[in-house]
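J.: Following this message is one structure expressed as structure tokens.
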Amino acid sequence: MTTSDPLSASLPSGAAMPLLGFGTWQITGDECYDAVRAALDVGYRHLDTAMVYRNEEEVGRALADSGVPRDEVFVTTKVPPNADDPRKVLEASLEKLRTDHLDLWLIHWTENESIHEDLWRVLLEAQQAGTVRDVGVSNYSLDQIDRLTEATGTQPTVNQIEWAPTLYDAEVERGHDKRGIVLEGYSALKNSDFDDPVLREVAATHGVTPAQVVLRWHLDHGVVVIPKSVNADRIAANFAITDFSLSPDEVARIDGLAAG
């Protein structure tokens, strides 16, 4: 999928990664299937899963049953750094997700100070083979990313990290932007206080909820966000954040929540 949509991030492959995706961490079984179907029905076109979530099969089945063409949906999954055979992990992920390629494959986390350069080379190999369009990492520091790039000659496209107004770090954001790495945030809502006066005031101004303000804040920063929910109404509300935008002053005030 390629597009000039401002609510997407351009990746080296030419793909466009929607800034708003649907996360599936801790959702399994029929509940996961139903949630993904609901997300696709309301318009999400970006799904995020991982081998260790144990729900790739449900995500794949929901996508197949949804009627939404595969090439209209950006699919991400992740490989754990301690996988015995990452190539077999990829094969299993593709089979469970019912697809012949991934839009994005990530190393899920780091262990101690390891940068997992050998595993990274497997991801690059898969990209060369065409089974993965773009590759990246998750839970890496900028220093670890620099070390990985120096060791292998190839920089990650995306870094998925915990991110929210309360965790906002301008240096980290600038560091990703300077390197041309897409910053993707997870656990945005879990890390937010919806009773915070700033969020409540901004929400009231726009006639939306504090949760919607938090998600919109990511988009106005150009940061990918992947909220999760199993509630159909909440899934729809989390997606309904494209009809308003925050002013620079509002964004700055929300940035300031990290100092609180």
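As shown in the structure tokens, the chain order sets the letters A, B, ...; within each chain, residues go from 1, and ligands are also counted from 1 in the order they appear.
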Please run DSSP on the backbone and report, as a ChimeraX atom specification, all residues within segment 16-183 of chain A that come out as strand (DSSP E or B).
T.: /A:16-18,20,22-23,46-48,74-79,102-107,132-138,158-162,182-183
J.: For the residues selected in the previous step, produce a file with N, CA and C atoms as a compact mmCIF listing (two decimals), in the first residue's frame.
T.:
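Resulting contents of again_18.txt:
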# COMPACT_ATOMS: atom_id res chain seq x y z
N ALA A 16 3.36 3.00 2.76
CA ALA A 16 2.88 4.02 3.68
C ALA A 16 2.33 3.32 4.91
N MET A 17 2.87 3.65 6.07
CA MET A 17 2.47 3.05 7.33
C MET A 17 1.45 3.97 8.01
N PRO A 18 0.19 3.56 8.10
CA PRO A 18 -0.81 4.42 8.75
C PRO A 18 -0.38 4.80 10.17
N LEU A 20 -2.26 5.58 12.54
CA LEU A 20 -3.20 5.00 13.49
C LEU A 20 -3.40 3.52 13.17
N PHE A 22 -4.19 -0.68 14.93
CA PHE A 22 -4.91 -1.42 15.96
C PHE A 22 -3.97 -2.42 16.61
N GLY A 23 -3.77 -2.27 17.92
CA GLY A 23 -2.89 -3.17 18.66
C GLY A 23 -3.65 -4.37 19.20
N HIS A 46 -4.32 -0.91 9.63
CA HIS A 46 -2.99 -1.19 10.17
C HIS A 46 -3.20 -2.09 11.39
N LEU A 47 -2.65 -3.30 11.34
CA LEU A 47 -2.79 -4.27 12.42
C LEU A 47 -1.42 -4.61 12.98
N ASP A 48 -1.33 -4.65 14.31
CA ASP A 48 -0.06 -4.95 14.98
C ASP A 48 -0.21 -6.18 15.87
N PHE A 74 -1.92 -2.76 6.39
CA PHE A 74 -0.51 -2.80 6.80
C PHE A 74 -0.40 -3.75 7.99
N VAL A 75 0.32 -4.85 7.82
CA VAL A 75 0.41 -5.88 8.85
C VAL A 75 1.82 -5.95 9.43
N THR A 76 1.89 -5.81 10.75
CA THR A 76 3.16 -5.90 11.48
C THR A 76 3.12 -7.08 12.43
N THR A 77 4.21 -7.84 12.48
CA THR A 77 4.39 -8.80 13.57
C THR A 77 5.85 -8.74 14.01
N LYS A 78 6.17 -9.49 15.06
CA LYS A 78 7.47 -9.36 15.69
C LYS A 78 8.05 -10.74 16.02
N VAL A 79 9.38 -10.80 16.02
CA VAL A 79 10.09 -12.02 16.37
C VAL A 79 10.82 -11.80 17.69
N LEU A 102 4.92 -9.83 4.94
CA LEU A 102 4.65 -8.90 6.03
C LEU A 102 4.97 -7.49 5.53
N ASP A 103 4.22 -6.52 6.01
CA ASP A 103 4.56 -5.14 5.70
C ASP A 103 5.69 -4.66 6.60
N LEU A 104 5.74 -5.20 7.82
CA LEU A 104 6.79 -4.81 8.76
C LEU A 104 7.07 -5.96 9.71
N TRP A 105 8.35 -6.28 9.87
CA TRP A 105 8.78 -7.32 10.80
C TRP A 105 9.77 -6.68 11.77
N LEU A 106 9.52 -6.84 13.06
CA LEU A 106 10.34 -6.19 14.08
C LEU A 106 11.01 -7.21 15.00
N ILE A 107 12.21 -6.88 15.47
CA ILE A 107 12.79 -7.57 16.63
C ILE A 107 12.04 -7.04 17.84
N VAL A 132 9.28 -9.85 3.44
CA VAL A 132 9.09 -8.74 4.38
C VAL A 132 9.42 -7.45 3.64
N ARG A 133 8.54 -6.48 3.70
CA ARG A 133 8.77 -5.25 2.95
C ARG A 133 9.66 -4.26 3.70
N ASP A 134 9.41 -4.11 5.00
CA ASP A 134 10.25 -3.22 5.80
C ASP A 134 10.56 -3.91 7.12
N VAL A 135 11.68 -3.54 7.72
CA VAL A 135 12.14 -4.18 8.95
C VAL A 135 12.51 -3.13 9.98
N GLY A 136 12.33 -3.49 11.25
CA GLY A 136 12.65 -2.55 12.31
C GLY A 136 12.84 -3.25 13.63
N VAL A 137 12.77 -2.48 14.69
CA VAL A 137 13.02 -3.00 16.04
C VAL A 137 11.95 -2.46 16.99
N SER A 138 11.94 -3.02 18.19
CA SER A 138 11.03 -2.56 19.23
C SER A 138 11.78 -2.53 20.55
N VAL A 158 11.79 1.37 11.61
CA VAL A 158 10.82 1.73 12.66
C VAL A 158 11.36 1.29 14.01
N ASN A 159 11.06 2.06 15.04
CA ASN A 159 11.33 1.63 16.42
C ASN A 159 10.03 1.80 17.21
N GLN A 160 9.51 0.69 17.70
CA GLN A 160 8.27 0.71 18.47
C GLN A 160 8.60 0.70 19.95
N ILE A 161 8.21 1.77 20.65
CA ILE A 161 8.54 1.91 22.06
C ILE A 161 7.31 2.39 22.84
N GLU A 162 7.37 2.27 24.15
CA GLU A 162 6.30 2.78 24.99
C GLU A 162 6.29 4.30 24.90
N VAL A 182 11.02 5.93 11.86
CA VAL A 182 9.64 6.16 12.29
C VAL A 182 9.50 5.75 13.76
N LEU A 183 8.99 6.65 14.56
CA LEU A 183 8.72 6.37 15.97
C LEU A 183 7.30 5.85 16.09
J.: Please return as a ChimeraX atom specification: the residues of segment 76-248 of chain A that backbone DSSP assigns to alpha helix (DSSP H).
T.: /A:86-97,117-129,142-152,170-179,197-206,210-221,232-239,248
J.: Hey, which of A:Arg216, A:Ala9, A:Asp30, A:Arg253 ends up closest to Asp196 of chain A? Count only C-alpha atoms.
T.: A:Arg253
J.: Grab the atom CA of Ala83 of chain A to atom CA of Asp146 of chain A distance for me, in Å with one decimal place.
T.: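 Distance between the two atoms: 22.9 Å.
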J.: Please, which residues in segment 75-187 of chain A fall within 12 Å of segment 204-213 of chain A when counting only C-alpha atoms, and what is the closest atom pair and distance in Å to one decimal for each, ordered by chain then residue number, as a Markdown table?
T.:
| residue | atom | partner | partner_atom | distance |
| --- | --- | --- | --- | --- |
| A:Ala164 | CA | A:Ala211 | CA | 11.0 |
| A:Pro165 | CA | A:Val213 | CA | 10.2 |
| A:Ser187 | CA | A:Ala211 | CA | 11.9 |
J.: Could you pull the residues within 9 Å of Leu189 of chain A, counting only C-alpha atoms, minus those fewer than 2 positions along the same chain, as a ChimeraX atom specification?
T.: /A:164,186-187,191-194,211,214-215,227-228
J.: Restricting the output to N, CA and C atoms, write the selected residues as a short mmCIF file (atom, residue, chain, number, x, y, z; two decimals), in the first residue's frame.
T.:
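So part_15.cif came out as:
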data_model
loop_
_atom_site.label_atom_id
_atom_site.label_comp_id
_atom_site.auth_asym_id
_atom_site.auth_seq_id
_atom_site.Cartn_x
_atom_site.Cartn_y
_atom_site.Cartn_z
N ALA A 164 3.66 8.00 25.35
CA ALA A 164 2.42 8.67 25.78
C ALA A 164 2.80 10.09 26.20
N TYR A 186 3.47 2.54 21.81
CA TYR A 186 2.46 1.61 22.33
C TYR A 186 2.14 1.97 23.78
N SER A 187 1.04 1.43 24.27
CA SER A 187 0.54 1.67 25.64
C SER A 187 0.25 3.14 25.90
N ASN A 191 -0.89 4.56 29.83
CA ASN A 191 -0.01 5.49 30.52
C ASN A 191 -0.60 6.89 30.67
N SER A 192 -1.90 7.03 30.44
CA SER A 192 -2.53 8.35 30.49
C SER A 192 -3.56 8.44 31.61
N ASP A 193 -3.63 9.62 32.21
CA ASP A 193 -4.62 9.93 33.24
C ASP A 193 -5.72 10.76 32.60
N PHE A 194 -6.86 10.15 32.35
CA PHE A 194 -7.92 10.84 31.64
C PHE A 194 -8.64 11.89 32.49
N ALA A 211 -9.22 10.40 25.92
CA ALA A 211 -8.52 9.32 25.21
C ALA A 211 -8.30 9.69 23.75
N VAL A 214 -5.41 12.11 23.50
CA VAL A 214 -4.11 11.44 23.60
C VAL A 214 -3.71 10.81 22.27
N LEU A 215 -4.65 10.15 21.63
CA LEU A 215 -4.35 9.50 20.35
C LEU A 215 -4.08 10.55 19.26
N PRO A 227 -3.59 1.88 19.53
CA PRO A 227 -4.46 1.57 20.67
C PRO A 227 -5.12 0.21 20.51
N LYS A 228 -5.39 -0.44 21.64
CA LYS A 228 -6.08 -1.72 21.61
C LYS A 228 -7.32 -1.63 22.48
#
J.: Ranking A:Ser10, A:Gly153, A:Val68, A:Val230 by minimum distance to Glu31 of chain A and counting only C-alpha atoms, which one comes first?
T.: A:Val230
J.: So the first atom is atom CA of Arg200 of chain A and the second is atom CA of Val224 of chain A; what is the distance between them in Å, to one decimal place?
T.: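 A separation of 22.5 Å between them.
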J.: As a list in words, please: the residues near Ile27 of chain A (cut-off 12 Å, only C-alpha atoms, same-chain neighbours under 6 positions excluded).
T.: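 Returned residues: Tyr33, Asp34, Ala35, Val36, Asp48, Thr49, Ala50, Val52, Tyr53, Arg54, Asn55, Glu56, Glu57, Glu58, Val59, Lys228, Ser229, Val230 and Asn231 of chain A.
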J.: Ranking A:Ile181, A:Val73, A:Leu19, A:Ala39 by minimum distance to Ile226 of chain A and counting only C-alpha atoms, which one comes first?
T.: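 Nearest candidate to Ile226 of chain A out of A:Ile181, A:Val73, A:Leu19, A:Ala39: A:Leu19.
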J.: Can you work out the spacing between atom CA of Glu111 of chain A and atom CA of Thr154 of chain A in Å, to one decimal?
T.: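 One can read the atom CA of Glu111 of chain A to atom CA of Thr154 of chain A distance as 20.3 Å.
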J.: Compare A:Thr157, A:Val122, A:Ala62, A:Glu95 by their minimum atom-to-atom distance to Pro12 of chain A, counting only C-alpha atoms, and give me the closest one.
T.: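 The closest residue to Pro12 of chain A is A:Thr157.
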J.: As a list of chain:residue names, please: the residues near Ser114 of chain A (cut-off 12 Å, only C-alpha atoms, same-chain neighbours under 3 positions excluded).
T.: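 Residues near the query, excluding close chain neighbours: A:Pro81, A:Asn82, A:Ile107, A:Trp109, A:Thr110, A:Glu111, A:Glu117, A:Asp118, A:Leu119, A:Trp120, A:Asn139, A:Tyr140, A:Ser141, A:Asp143, A:Gln144, A:Ile145, A:Arg147, A:Leu148, A:Ala151.
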J.: Could you save those same residues with N, CA and C atoms as a compact mmCIF listing (two decimals), in the first residue's frame?
T.:
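Okay, selection_15.txt is ready:
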# COMPACT_ATOMS: atom_id res chain seq x y z
N PRO A 81 13.77 -12.04 20.40
CA PRO A 81 15.21 -12.14 20.19
C PRO A 81 15.80 -13.48 20.62
N ASN A 82 15.04 -14.24 21.41
CA ASN A 82 15.54 -15.54 21.87
C ASN A 82 14.99 -16.70 21.04
N ILE A 107 12.21 -6.88 15.47
CA ILE A 107 12.79 -7.57 16.63
C ILE A 107 12.04 -7.04 17.84
N TRP A 109 12.25 -7.17 21.30
CA TRP A 109 12.87 -6.49 22.44
C TRP A 109 14.35 -6.81 22.47
N THR A 110 15.04 -6.14 23.35
CA THR A 110 16.47 -6.40 23.54
C THR A 110 16.66 -7.13 24.86
N GLU A 111 17.77 -7.81 24.98
CA GLU A 111 18.12 -8.51 26.20
C GLU A 111 19.44 -7.96 26.72
N GLU A 117 22.58 -8.35 16.45
CA GLU A 117 22.92 -8.10 15.06
C GLU A 117 22.75 -9.33 14.17
N ASP A 118 22.96 -10.54 14.72
CA ASP A 118 22.77 -11.75 13.92
C ASP A 118 21.30 -11.91 13.54
N LEU A 119 20.41 -11.66 14.49
CA LEU A 119 18.98 -11.73 14.19
C LEU A 119 18.60 -10.64 13.20
N TRP A 120 19.17 -9.48 13.35
CA TRP A 120 18.88 -8.38 12.43
C TRP A 120 19.24 -8.76 11.00
N ASN A 139 11.52 -1.52 21.33
CA ASN A 139 12.12 -1.37 22.65
C ASN A 139 13.64 -1.18 22.60
N TYR A 140 14.13 -0.57 21.55
CA TYR A 140 15.55 -0.24 21.43
C TYR A 140 15.78 1.22 21.82
N SER A 141 16.91 1.49 22.43
CA SER A 141 17.32 2.87 22.67
C SER A 141 17.99 3.39 21.40
N ASP A 143 20.90 4.63 21.21
CA ASP A 143 22.28 4.13 21.23
C ASP A 143 22.34 2.71 20.67
N GLN A 144 21.40 1.87 21.05
CA GLN A 144 21.38 0.50 20.54
C GLN A 144 21.12 0.49 19.04
N ILE A 145 20.25 1.38 18.58
CA ILE A 145 19.99 1.48 17.15
C ILE A 145 21.25 1.89 16.40
N ARG A 147 24.33 1.41 17.31
CA ARG A 147 25.27 0.29 17.34
C ARG A 147 24.88 -0.78 16.33
N LEU A 148 23.57 -1.03 16.21
CA LEU A 148 23.08 -2.01 15.25
C LEU A 148 23.38 -1.56 13.82
N ALA A 151 27.07 -1.92 13.13
CA ALA A 151 27.51 -3.31 13.03
C ALA A 151 27.08 -3.97 11.72
J.: Need the shell around Asp100 of chain A: protein/DNA/RNA residues with any atom at most 12 Å away, counting only C-alpha atoms. Skip same-chain ones fewer than 3 positions apart. Format as a PyMOL selection string?
T.: chain A and resi 60+70-71+75+90-97+103+126+129-133
J.: Take the selection from the previous step and output its residues with N, CA and C atoms, as a JSON list (two decimals), in the first residue's frame.
T.:
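part.json was written with the following content:
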[["chain", "number", "residue", "atom", "x", "y", "z"],
["A", 60, "GLY", "N", -5.03, -13.18, 11.48],
["A", 60, "GLY", "CA", -5.05, -13.57, 10.08],
["A", 60, "GLY", "C", -6.43, -14.00, 9.62],
["A", 70, "ARG", "N", -6.07, -7.68, 1.11],
["A", 70, "ARG", "CA", -4.82, -7.74, 1.87],
["A", 70, "ARG", "C", -3.92, -6.55, 1.59],
["A", 71, "ASP", "N", -3.87, -6.09, 0.34],
["A", 71, "ASP", "CA", -2.94, -5.01, 0.01],
["A", 71, "ASP", "C", -3.40, -3.65, 0.52],
["A", 75, "VAL", "N", 0.32, -4.85, 7.82],
["A", 75, "VAL", "CA", 0.41, -5.88, 8.85],
["A", 75, "VAL", "C", 1.82, -5.95, 9.43],
["A", 90, "LEU", "N", 9.26, -16.80, 11.16],
["A", 90, "LEU", "CA", 8.67, -16.04, 10.06],
["A", 90, "LEU", "C", 7.72, -16.90, 9.25],
["A", 91, "GLU", "N", 8.15, -18.10, 8.93],
["A", 91, "GLU", "CA", 7.28, -19.01, 8.17],
["A", 91, "GLU", "C", 5.96, -19.25, 8.90],
["A", 92, "ALA", "N", 6.05, -19.48, 10.21],
["A", 92, "ALA", "CA", 4.85, -19.73, 11.01],
["A", 92, "ALA", "C", 3.97, -18.49, 11.06],
["A", 93, "SER", "N", 4.59, -17.31, 11.21],
["A", 93, "SER", "CA", 3.81, -16.07, 11.26],
["A", 93, "SER", "C", 3.06, -15.84, 9.96],
["A", 94, "LEU", "N", 3.74, -16.07, 8.83],
["A", 94, "LEU", "CA", 3.09, -15.89, 7.53],
["A", 94, "LEU", "C", 1.92, -16.84, 7.37],
["A", 95, "GLU", "N", 2.12, -18.08, 7.79],
["A", 95, "GLU", "CA", 1.05, -19.08, 7.67],
["A", 95, "GLU", "C", -0.15, -18.70, 8.54],
["A", 96, "LYS", "N", 0.11, -18.32, 9.78],
["A", 96, "LYS", "CA", -0.98, -17.98, 10.69],
["A", 96, "LYS", "C", -1.70, -16.71, 10.24],
["A", 97, "LEU", "N", -0.96, -15.78, 9.71],
["A", 97, "LEU", "CA", -1.55, -14.52, 9.26],
["A", 97, "LEU", "C", -2.18, -14.63, 7.87],
["A", 103, "ASP", "N", 4.22, -6.52, 6.01],
["A", 103, "ASP", "CA", 4.56, -5.14, 5.70],
["A", 103, "ASP", "C", 5.69, -4.66, 6.60],
["A", 126, "ALA", "N", 15.27, -11.65, 4.96],
["A", 126, "ALA", "CA", 13.86, -11.82, 4.61],
["A", 126, "ALA", "C", 13.37, -10.65, 3.75],
["A", 129, "ALA", "N", 14.53, -11.19, 0.30],
["A", 129, "ALA", "CA", 13.77, -12.26, -0.34],
["A", 129, "ALA", "C", 12.37, -11.84, -0.73],
["A", 130, "GLY", "N", 11.92, -10.70, -0.21],
["A", 130, "GLY", "CA", 10.61, -10.18, -0.56],
["A", 130, "GLY", "C", 9.47, -10.65, 0.32],
["A", 131, "THR", "N", 9.78, -11.42, 1.35],
["A", 131, "THR", "CA", 8.71, -11.87, 2.26],
["A", 131, "THR", "C", 8.41, -10.83, 3.32],
["A", 132, "VAL", "N", 9.28, -9.85, 3.44],
["A", 132, "VAL", "CA", 9.09, -8.74, 4.38],
["A", 132, "VAL", "C", 9.42, -7.45, 3.64],
["A", 133, "ARG", "N", 8.54, -6.48, 3.70],
["A", 133, "ARG", "CA", 8.77, -5.25, 2.95],
["A", 133, "ARG", "C", 9.66, -4.26, 3.70]]
